[in-house]
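Peer 1: Take this structure first; my questions come after.
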Amino acid sequence: QVQVVESGGGLVQPGGSLRLACQSSGRIFSGKTMAWYRQAPGKGRVVAALITTGGTPTYHDSVKGRFTISRDNAKDTLYLQMNSLKPDDTAMYYCNSFPPEQTSWGQGTQVTVSS
């Protein structure tokens, strides 16, 4: 069974930065558009950013100019650099393909932005 492990979350003050990473035990990234999803308390899961196999990113309006998604296809690793963090960015962050494979959801990594 493919495992996906997200890491890099934590507690950070407004204006701070975090870098998330996502690695899979199988080659679920191969040939697929990948995405970072986030789910805030009491809300549904939404796409924060996605990236094609060729490296073209797309961002949710709420994170444009602050987040950068990247991928290392050779390492099957997905990254999310998050700068100028705001309290509204507080959420559990997950990675998966886009559209998502239902069997490939990991445990996520919690990001909390608070002073």
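By order in the structure tokens, chains are A, B, ...; within a chain, residues start at 1; ligands start at 1, following the order shown.
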Could you give me, as a list in words, the residues within 7 Å of A:Thr112, counting only C-alpha atoms and dropping anything in the same chain fewer than 4 positions from it?

Peer 2: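 The filter keeps Gly10, Leu11, Val12, Thr90 and Ala91 of chain A.
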
Peer 1: Please, could you write that set of residues out with N, CA, C and O atoms as a tab-separated table (two decimals), in the first residue's frame?

Peer 2:
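Written file, result-v6.tsv:
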chain	number	residue	atom	x	y	z
A	10	GLY	N	3.75	23.15	12.05
A	10	GLY	CA	4.08	23.60	13.39
A	10	GLY	C	3.33	24.84	13.75
A	10	GLY	O	2.43	25.29	13.03
A	11	LEU	N	3.73	25.42	14.87
A	11	LEU	CA	3.15	26.67	15.35
A	11	LEU	C	4.07	27.81	14.96
A	11	LEU	O	5.28	27.76	15.23
A	12	VAL	N	3.52	28.82	14.32
A	12	VAL	CA	4.32	29.95	13.87
A	12	VAL	C	3.54	31.23	14.08
A	12	VAL	O	2.31	31.23	14.05
A	90	THR	N	-4.18	28.73	9.12
A	90	THR	CA	-4.26	27.63	10.08
A	90	THR	C	-5.14	26.53	9.53
A	90	THR	O	-6.30	26.75	9.20
A	91	ALA	N	-4.57	25.33	9.41
A	91	ALA	CA	-5.28	24.20	8.82
A	91	ALA	C	-4.41	22.96	8.90
A	91	ALA	O	-3.21	23.05	9.19

Peer 1: Which residues come within 8 Å of A:Ser84, counting only C-alpha atoms, excluding same-chain residues fewer than 5 positions away, as a list in words?

Peer 2: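 So, after excluding close chain neighbours, the residues are Pro14, Gly15, Gly16, Ser17 and Arg66 of chain A.
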
Peer 1: What is the distance, in Å and to one decimal place, between atom CA of A:Phe98 and atom CA of A:Gly26?

Peer 2: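 Calculated distance between atom CA of A:Phe98 and atom CA of A:Gly26 is 16.3 Å.
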
Peer 1: Listing only residues of stretch 48-68 of chain A within 9 Å of stretch 30-40 of chain A, what is the closest atom pair and its distance in Å (to one decimal) for each, using only C-alpha atoms, sorted by chain and residue number ascending, as a Markdown table?

Peer 2:
| residue | atom | partner | partner_atom | distance |
| --- | --- | --- | --- | --- |
| A:Ala48 | CA | A:Tyr37 | CA | 5.3 |
| A:Ala49 | CA | A:Trp36 | CA | 5.4 |
| A:Leu50 | CA | A:Ala35 | CA | 3.9 |
| A:Ile51 | CA | A:Met34 | CA | 5.5 |
| A:Thr52 | CA | A:Thr33 | CA | 4.2 |
| A:Thr53 | CA | A:Thr33 | CA | 5.5 |
| A:Gly54 | CA | A:Thr33 | CA | 8.7 |
| A:Gly55 | CA | A:Thr33 | CA | 8.9 |

Peer 1: Keeping only all heavy atoms, write the selected residues to a file as a PDB file, in the first residue's frame.

Peer 2:
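Wrote it out as selection-v5.pdb, contents follow:
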ATOM      1  N   ALA A  48      -4.892  24.251  -2.038  1.00  0.00           N
ATOM      2  CA  ALA A  48      -4.141  25.486  -1.799  1.00  0.00           C
ATOM      3  C   ALA A  48      -3.231  25.796  -2.981  1.00  0.00           C
ATOM      4  O   ALA A  48      -3.069  26.956  -3.365  1.00  0.00           O
ATOM      5  CB  ALA A  48      -3.317  25.356  -0.525  1.00  0.00           C
ATOM      6  N   ALA A  49      -2.640  24.743  -3.552  1.00  0.00           N
ATOM      7  CA  ALA A  49      -1.738  24.911  -4.683  1.00  0.00           C
ATOM      8  C   ALA A  49      -1.582  23.582  -5.396  1.00  0.00           C
ATOM      9  O   ALA A  49      -1.695  22.523  -4.778  1.00  0.00           O
ATOM     10  CB  ALA A  49      -0.371  25.405  -4.207  1.00  0.00           C
ATOM     11  N   LEU A  50      -1.345  23.653  -6.702  1.00  0.00           N
ATOM     12  CA  LEU A  50      -1.070  22.431  -7.438  1.00  0.00           C
ATOM     13  C   LEU A  50       0.043  22.683  -8.448  1.00  0.00           C
ATOM     14  O   LEU A  50       0.351  23.834  -8.777  1.00  0.00           O
ATOM     15  CB  LEU A  50      -2.322  21.890  -8.121  1.00  0.00           C
ATOM     16  CG  LEU A  50      -3.068  22.750  -9.138  1.00  0.00           C
ATOM     17  CD1 LEU A  50      -2.445  22.644 -10.527  1.00  0.00           C
ATOM     18  CD2 LEU A  50      -4.537  22.314  -9.208  1.00  0.00           C
ATOM     19  N   ILE A  51       0.657  21.603  -8.911  1.00  0.00           N
ATOM     20  CA  ILE A  51       1.781  21.727  -9.837  1.00  0.00           C
ATOM     21  C   ILE A  51       1.742  20.576 -10.830  1.00  0.00           C
ATOM     22  O   ILE A  51       1.530  19.418 -10.463  1.00  0.00           O
ATOM     23  CB  ILE A  51       3.120  21.762  -9.056  1.00  0.00           C
ATOM     24  CG1 ILE A  51       4.289  22.036  -9.999  1.00  0.00           C
ATOM     25  CG2 ILE A  51       3.331  20.487  -8.242  1.00  0.00           C
ATOM     26  CD1 ILE A  51       5.589  22.390  -9.248  1.00  0.00           C
ATOM     27  N   THR A  52       1.916  20.898 -12.094  1.00  0.00           N
ATOM     28  CA  THR A  52       1.899  19.877 -13.132  1.00  0.00           C
ATOM     29  C   THR A  52       3.207  19.094 -13.145  1.00  0.00           C
ATOM     30  O   THR A  52       4.178  19.465 -12.482  1.00  0.00           O
ATOM     31  CB  THR A  52       1.678  20.514 -14.506  1.00  0.00           C
ATOM     32  OG1 THR A  52       2.835  21.319 -14.827  1.00  0.00           O
ATOM     33  CG2 THR A  52       0.426  21.376 -14.529  1.00  0.00           C
ATOM     34  N   THR A  53       3.244  18.042 -13.924  1.00  0.00           N
ATOM     35  CA  THR A  53       4.477  17.258 -14.034  1.00  0.00           C
ATOM     36  C   THR A  53       5.604  18.105 -14.612  1.00  0.00           C
ATOM     37  O   THR A  53       6.771  17.886 -14.299  1.00  0.00           O
ATOM     38  CB  THR A  53       4.269  16.028 -14.921  1.00  0.00           C
ATOM     39  OG1 THR A  53       3.727  16.450 -16.189  1.00  0.00           O
ATOM     40  CG2 THR A  53       3.297  15.057 -14.281  1.00  0.00           C
ATOM     41  N   GLY A  54       5.251  19.085 -15.414  1.00  0.00           N
ATOM     42  CA  GLY A  54       6.258  19.954 -16.006  1.00  0.00           C
ATOM     43  C   GLY A  54       6.668  21.112 -15.117  1.00  0.00           C
ATOM     44  O   GLY A  54       7.554  21.887 -15.485  1.00  0.00           O
ATOM     45  N   GLY A  55       6.016  21.240 -13.960  1.00  0.00           N
ATOM     46  CA  GLY A  55       6.421  22.273 -13.016  1.00  0.00           C
ATOM     47  C   GLY A  55       5.599  23.553 -13.051  1.00  0.00           C
ATOM     48  O   GLY A  55       5.985  24.541 -12.421  1.00  0.00           O
TER      49      GLY A  55
END

Peer 1: Which is closer to A:Val5 than all the others in A:Ser24, A:Ser62, A:Ser97, A:Ser70, using only C-alpha atoms?

Peer 2: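 Among the listed residues, the smallest separation from A:Val5 belongs to A:Ser24.
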
Peer 1: Can you tell me which residues surround A:Val63 at a distance of at most 9 Å, considering only C-alpha atoms, apart from same-chain residues fewer than 4 positions away, and format the answer as number ranges by chain?

Peer 2: A: 48-49, 59, 67-68, 82, 89

Peer 1: Measuring atom to atom with only C-alpha atoms, identify which of A:Pro87, A:Leu18, A:Val46, A:Ser7 is nearest to A:Pro99.

Peer 2: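 Among A:Pro87, A:Leu18, A:Val46, A:Ser7, it is A:Val46 that comes nearest to A:Pro99.
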
Peer 1: For the atom pair atom CA of A:His60 and atom CA of A:Arg27, what is the interatomic distance in Å to one decimal place?

Peer 2: 25.9 Å

Peer 1: For each of A:Ser25, A:Asn83, A:Gln110, A:Thr58, take the minimum atom-to-atom distance to A:Gln3, counting only C-alpha atoms, then give the residue where this is smallest.

Peer 2: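 The closest residue to A:Gln3 is A:Ser25.
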
Peer 1: Given the choices A:Glu101, A:Gln13, A:Ile28, A:Thr56, which gets closest to A:Lys86 if the distance is worked out from only C-alpha atoms?

Peer 2: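 For A:Lys86, the nearest of the given residues is A:Gln13.
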